[in-house]
$ cat structure-v7.txt   # compact mmCIF, C-alpha atoms
# COMPACT_ATOMS: atom_id res chain seq x y z
CA MET A 1 30.43 4.20 -2.27
CA MET A 2 27.17 5.35 -0.67
CA LYS A 3 26.65 9.06 -0.11
CA LYS A 4 24.59 9.85 2.97
CA LEU A 5 22.33 12.86 3.07
CA SER A 6 19.83 14.08 5.63
CA VAL A 7 16.89 16.11 4.35
CA PRO A 8 13.30 16.66 5.51
CA GLY A 9 11.75 14.87 2.54
CA ASN A 10 11.55 14.50 -1.20
CA LYS A 11 8.81 14.59 -3.78
CA TYR A 12 9.19 10.94 -4.73
CA LEU A 13 8.49 9.74 -1.21
CA ALA A 14 5.51 12.07 -1.06
CA LEU A 15 4.12 10.64 -4.31
CA SER A 16 4.36 7.10 -2.94
CA LYS A 17 3.00 7.77 0.53
CA LYS A 18 -0.67 7.44 -0.44
CA LEU A 19 -0.07 3.99 -1.84
CA ILE A 20 2.21 2.98 1.02
CA ALA A 21 -0.52 4.08 3.38
CA GLY A 22 -3.11 1.83 1.80
CA LEU A 23 -0.82 -1.16 1.56
CA LEU A 24 0.36 -0.80 5.13
CA LEU A 25 -3.24 -0.91 6.25
CA LEU A 26 -3.66 -4.21 4.45
CA VAL A 27 -0.59 -5.80 5.95
CA SER A 28 -1.52 -4.67 9.42
CA SER A 29 -4.85 -6.47 9.25
CA ILE A 30 -6.37 -3.47 10.90
CA LEU A 31 -10.07 -2.96 10.68
CA PRO A 32 -11.88 0.36 10.26
CA ALA A 33 -14.32 2.07 12.57
CA GLN A 34 -17.73 0.58 12.56
CA ALA A 35 -19.94 2.57 10.26
CA ASP A 36 -21.34 -0.88 9.46
CA GLN A 37 -20.46 -3.65 11.92
CA ALA A 38 -21.44 -6.39 9.48
CA ALA A 39 -19.09 -4.87 6.88
CA VAL A 40 -16.31 -4.64 9.47
CA ASN A 41 -16.76 -8.28 10.42
CA ARG A 42 -16.83 -9.45 6.81
CA LEU A 43 -13.76 -7.45 5.79
CA GLY A 44 -11.95 -8.76 8.85
CA SER A 45 -12.69 -12.35 7.89
CA LEU A 46 -11.41 -11.77 4.34
CA LEU A 47 -8.19 -10.07 5.47
CA ASP A 48 -7.56 -12.71 8.12
CA LYS A 49 -7.26 -15.32 5.36
CA MET A 50 -4.28 -13.52 3.85
CA ASP A 51 -1.02 -14.27 5.60
CA SER A 52 0.94 -13.34 2.48
CA LEU A 53 0.40 -12.24 -1.11
CA ASP A 54 2.51 -12.21 -4.27
CA ALA A 55 1.21 -10.67 -7.50
CA GLY A 56 1.90 -8.68 -10.60
CA PHE A 57 -0.11 -5.50 -10.99
CA GLN A 58 -1.06 -2.69 -13.30
CA GLN A 59 -1.32 0.77 -11.73
CA ARG A 60 -3.26 3.57 -13.43
CA ILE A 61 -3.40 7.14 -12.12
CA LEU A 62 -6.39 9.21 -13.29
CA ASP A 63 -7.22 12.85 -12.65
CA ALA A 64 -10.59 14.01 -11.30
CA ARG A 65 -12.03 14.06 -14.84
CA GLY A 66 -10.91 10.52 -15.56
CA ALA A 67 -8.01 11.45 -17.84
CA ARG A 68 -5.11 9.03 -17.57
CA LEU A 69 -1.98 10.59 -16.07
CA GLN A 70 0.21 7.52 -15.72
CA GLU A 71 0.19 3.77 -16.28
CA VAL A 72 2.83 1.35 -15.06
CA ASP A 73 3.24 -2.39 -14.38
CA GLY A 74 5.00 -3.93 -11.43
CA LYS A 75 5.35 -6.62 -8.78
CA LEU A 76 3.94 -6.70 -5.25
CA SER A 77 4.54 -8.90 -2.20
CA LEU A 78 2.95 -8.59 1.24
CA LYS A 79 3.38 -10.50 4.48
CA ARG A 80 2.01 -10.01 7.95
CA PRO A 81 2.89 -8.32 10.13
CA GLY A 82 3.79 -5.09 8.37
CA LYS A 83 6.02 -6.31 5.53
CA PHE A 84 5.71 -5.38 1.87
CA TYR A 85 7.67 -5.16 -1.37
CA TRP A 86 6.55 -2.93 -4.25
CA GLN A 87 8.43 -2.55 -7.52
CA THR A 88 7.32 -0.61 -10.60
CA GLU A 89 8.89 -0.99 -14.03
CA ASN A 90 9.81 1.43 -16.81
CA PRO A 91 9.04 4.20 -17.61
CA PHE A 92 8.63 4.97 -13.88
CA PRO A 93 10.93 2.50 -12.07
CA GLN A 94 10.80 2.56 -8.28
CA THR A 95 11.18 0.07 -5.43
CA VAL A 96 9.58 0.40 -1.99
CA VAL A 97 10.38 -2.15 0.74
CA SER A 98 9.33 -2.44 4.39
CA ASP A 99 10.41 -5.01 6.97
CA GLY A 100 7.77 -3.75 9.40
CA SER A 101 9.99 -1.19 11.13
CA THR A 102 12.04 0.45 8.36
CA LEU A 103 10.92 1.73 4.96
CA TRP A 104 13.27 1.98 1.94
CA LEU A 105 12.33 3.87 -1.23
CA PHE A 106 14.75 3.46 -4.13
CA ASP A 107 14.57 5.65 -7.24
CA PRO A 108 17.12 4.34 -9.78
CA ASP A 109 16.69 7.36 -12.08
CA LEU A 110 17.78 9.67 -9.27
CA GLU A 111 20.29 7.13 -7.91
CA GLN A 112 18.74 7.80 -4.52
CA VAL A 113 17.47 5.74 -1.57
CA THR A 114 15.23 7.29 1.09
CA ILE A 115 15.21 5.46 4.45
CA GLN A 116 12.51 6.16 7.01
CA GLN A 117 11.31 4.51 10.20
CA ILE A 118 7.70 3.35 10.20
CA ASP A 119 5.79 5.95 12.22
CA GLU A 120 2.15 6.78 12.90
CA SER A 121 1.63 8.55 9.57
CA ILE A 122 3.06 5.70 7.50
CA SER A 123 1.20 3.06 9.52
CA ARG A 124 -2.06 4.61 8.28
CA THR A 125 -1.14 3.93 4.65
CA PRO A 126 -2.83 1.32 2.39
CA ALA A 127 0.24 -0.91 2.39
CA MET A 128 -0.14 -1.56 6.10
CA LEU A 129 -3.78 -2.49 5.85
CA LEU A 130 -2.92 -5.77 4.15
CA SER A 131 -0.12 -6.71 6.47
CA GLY A 132 -1.06 -6.18 10.09
CA ASP A 133 -3.30 -6.51 13.13
CA VAL A 134 -7.05 -6.35 12.43
CA ALA A 135 -8.00 -4.68 15.71
CA SER A 136 -6.11 -1.37 15.72
CA ILE A 137 -7.61 0.45 12.70
CA THR A 138 -11.11 0.66 14.15
CA GLU A 139 -10.51 4.05 15.71
CA LYS A 140 -9.06 5.57 12.52
CA PHE A 141 -11.37 4.44 9.71
CA GLU A 142 -14.99 4.04 8.78
CA VAL A 143 -15.92 1.06 6.62
CA LEU A 144 -18.86 0.43 4.33
CA LYS A 145 -19.73 -2.46 2.07
CA VAL A 146 -21.04 -0.97 -1.17
CA ARG A 147 -21.32 -4.04 -3.37
CA ASP A 148 -22.17 -7.65 -2.57
CA SER A 149 -22.45 -9.82 -5.67
CA ASP A 150 -19.76 -11.59 -7.69
CA ILE A 151 -17.46 -8.80 -6.45
CA GLU A 152 -17.47 -7.69 -2.80
CA GLU A 153 -16.45 -4.03 -2.55
CA PHE A 154 -15.55 -2.19 0.65
CA VAL A 155 -14.93 1.54 1.15
CA LEU A 156 -12.57 2.71 3.91
CA ARG A 157 -12.65 6.40 4.83
CA PRO A 158 -10.10 7.90 7.24
CA LYS A 159 -11.59 9.77 10.19
CA GLU A 160 -8.68 12.23 10.37
CA GLU A 161 -8.91 15.29 8.13
CA GLU A 162 -5.18 15.28 7.30
CA SER A 163 -5.12 11.76 5.89
CA LEU A 164 -3.08 11.00 2.77
CA PHE A 165 -6.21 9.80 0.98
CA GLU A 166 -9.98 10.40 1.08
CA GLU A 167 -11.01 6.79 0.59
CA LEU A 168 -9.64 3.36 -0.18
CA ARG A 169 -11.75 0.81 -2.06
CA LEU A 170 -10.97 -2.91 -1.82
CA ASN A 171 -12.50 -5.43 -4.21
CA PHE A 172 -12.65 -9.16 -3.53
CA ALA A 173 -13.63 -11.96 -5.92
CA ASP A 174 -14.21 -15.48 -4.59
CA GLN A 175 -13.14 -14.11 -1.18
CA TRP A 176 -9.70 -12.97 -2.39
CA LEU A 177 -8.38 -9.45 -3.03
CA VAL A 178 -8.28 -8.54 -6.75
CA SER A 179 -8.00 -4.73 -6.91
CA LEU A 180 -7.59 -1.49 -4.94
CA LEU A 181 -8.59 2.10 -5.65
CA LEU A 182 -7.31 5.16 -3.77
CA VAL A 183 -8.95 8.58 -4.09
CA ASP A 184 -7.23 11.73 -2.82
CA SER A 185 -8.65 15.10 -1.77
CA LEU A 186 -8.34 16.47 -5.33
CA GLY A 187 -10.27 13.57 -6.81
CA GLN A 188 -7.19 11.94 -8.32
CA ARG A 189 -7.55 8.17 -8.41
CA THR A 190 -4.92 5.45 -8.25
CA ALA A 191 -6.29 2.12 -9.50
CA ILE A 192 -4.33 -1.08 -8.91
CA GLU A 193 -5.38 -4.31 -10.61
CA LEU A 194 -3.70 -7.48 -9.32
CA ARG A 195 -2.62 -10.24 -11.72
CA ASP A 196 -1.37 -13.81 -11.27
CA VAL A 197 -2.08 -13.55 -7.56
CA ARG A 198 -0.69 -16.17 -5.16
CA PHE A 199 -1.89 -16.19 -1.57
CA ASN A 200 -0.15 -17.76 1.43
CA GLN A 201 2.72 -19.29 -0.57
CA GLU A 202 6.36 -19.61 0.44
CA GLN A 203 8.21 -16.39 -0.34
CA LYS A 204 11.76 -15.61 -1.36
CA ALA A 205 14.18 -15.27 1.56
CA GLY A 206 15.22 -11.68 2.17
CA ARG A 207 12.25 -10.32 0.25
CA TYR A 208 11.58 -7.62 2.83
CA THR A 209 15.07 -6.24 3.29
CA PHE A 210 16.83 -3.82 0.96
CA ASN A 211 20.55 -3.72 0.24
CA VAL A 212 21.53 -0.19 -0.74
CA PRO A 213 23.50 -0.18 -4.03
CA ASP A 214 26.97 1.34 -4.04
CA GLY A 215 27.27 4.88 -5.31
CA VAL A 216 23.73 6.08 -4.60
CA ASP A 217 22.66 8.96 -2.36
CA VAL A 218 21.11 7.87 0.95
CA ILE A 219 18.52 10.19 2.50
CA GLN A 220 17.72 9.54 6.17
CA GLN A 221 14.35 10.85 7.37

$ encode --input "structure-v7.txt" --output "structure tokens"
Amino acid sequence: MMKKLSVPGNKYLALSKKLIAGLLLLVSSILPAQADQAAVNRLGSLLDKMDSLDAGFQQRILDARGARLQEVDGKLSLKRPGKFYWQTENPFPQTVVSDGSTLWLFDPDLEQVTIQQIDESISRTPAMLLSGDVASITEKFEVLKVRDSDIEEFVLRPKEEESLFEELRLNFADQWLVSLLLVDSLGQRTAIELRDVRFNQEQKAGRYTFNVPDGVDVIQQ
């Protein structure tokens, strides 16, 4: 039987919010403010090609000196508008799901699910960037293109001082997304390398809903 709790927050949701922020940006197809209009236009054309994405990934978290703090593999799915599925494996298992209006974060070690409505702060996360509307991010982000060769690299910098991250880097090869890098205010970096990527393919029904397991704590935020 589910146990319902109501608390202001928990550390596991806070740890995931930077990543959720970046992914939400991607699924919202939102484009950053025009530090470089050509870069904005190019990034927009690349994101517009992605209606959905399924991939495996490796996530590495590094401190400001480059020392590795954590490494974990997982699975990722995205679909516009605003839907994503993120699951990491042992030794740090966690599942994050959004249907575009509700966010579920499940920590099996804690036997705990956090449920939160998508609000303004979450909609600025990297997860939403891949899954949404390319016009609405322009007032919140600056964008630069810093590499244009076999890999196209874009840097997105939030205009608000209280953002969850300092910058988000997106790398594209052959016009498709291959990796992301988030940098926070302390210089900690979260690098995500995509593997076995499939774009715009049919996805599993019910992928973006979460059924709360029996017997876990439910935290409503």

$ closest_residue --input "structure-v7.txt" --among "A:Ile61, A:Leu47, A:Asp99, A:Trp86" --to "A:Gly206" --atoms "all atoms listed in the file"
A:Asp99

$ closest_residue --input "structure-v7.txt" --among "A:Thr95, A:Arg80, A:Asn41, A:Arg60" --to "A:Leu194" --atoms "only C-alpha atoms"
A:Arg60

$ closest_atom_pairs --input "structure-v7.txt" --of "stretch 37-142 of chain A" --to "stretch 157-180 of chain A" --cutoff "7 Å" --atoms "all atoms listed in the file" --output "Markdown table"
| residue | atom | partner | partner_atom | distance |
| --- | --- | --- | --- | --- |
| A:Leu46 | CA | A:Gln175 | CA | 6.2 |
| A:Lys140 | CA | A:Lys159 | CA | 5.4 |
| A:Phe141 | CA | A:Pro158 | CA | 4.4 |
| A:Glu142 | CA | A:Arg157 | CA | 5.2 |

$ write_last_selection --input "structure-v7.txt" --atoms "C-alpha atoms" --output "short mmCIF file (atom, residue, chain, number, x, y, z; two decimals), keeping the file's coordinate frame"
data_model
loop_
_atom_site.label_atom_id
_atom_site.label_comp_id
_atom_site.auth_asym_id
_atom_site.auth_seq_id
_atom_site.Cartn_x
_atom_site.Cartn_y
_atom_site.Cartn_z
CA LEU A 46 -11.41 -11.77 4.34
CA LYS A 140 -9.06 5.57 12.52
CA PHE A 141 -11.37 4.44 9.71
CA GLU A 142 -14.99 4.04 8.78
#

$ closest_residue --input "structure-v7.txt" --among "A:Asp119, A:Asp217, A:Glu193, A:Glu71" --to "A:Leu105" --atoms "only C-alpha atoms"
A:Asp217

$ atom_distance --input "structure-v7.txt" --atom1 "atom CA of A:Arg207" --atom2 "atom CA of A:Tyr85"
7.1 Å

$ atom_distance --input "structure-v7.txt" --atom1 "atom CA of A:Ile192" --atom2 "atom CA of A:Phe210"
23.5 Å

$ atom_distance --input "structure-v7.txt" --atom1 "atom CA of A:Thr88" --atom2 "atom CA of A:Ile118"
21.2 Å

$ closest_residue --input "structure-v7.txt" --among "A:Asp36, A:Asp48, A:Glu152, A:Asp63" --to "A:Asp184" --atoms "only C-alpha atoms"
A:Asp63

$ closest_residue --input "structure-v7.txt" --among "A:Gln220, A:Ser101, A:Ser52, A:Gln188" --to "A:Lys79" --atoms "only C-alpha atoms"
A:Ser52

$ residues_around --input "structure-v7.txt" --residues "stretch 211-214 of chain A" --least-positions-apart "3" --cutoff "12 Å" --atoms "all atoms listed in the file" --output "list in words"
Met1, Met2, Lys3, Lys4, Thr95, Val96, Val97, Trp104, Leu105, Phe106, Asp107, Pro108, Glu111, Gln112, Val113, Thr114, Ile115, Gly206, Arg207, Tyr208, Asp217, Val218 and Ile219 of chain A
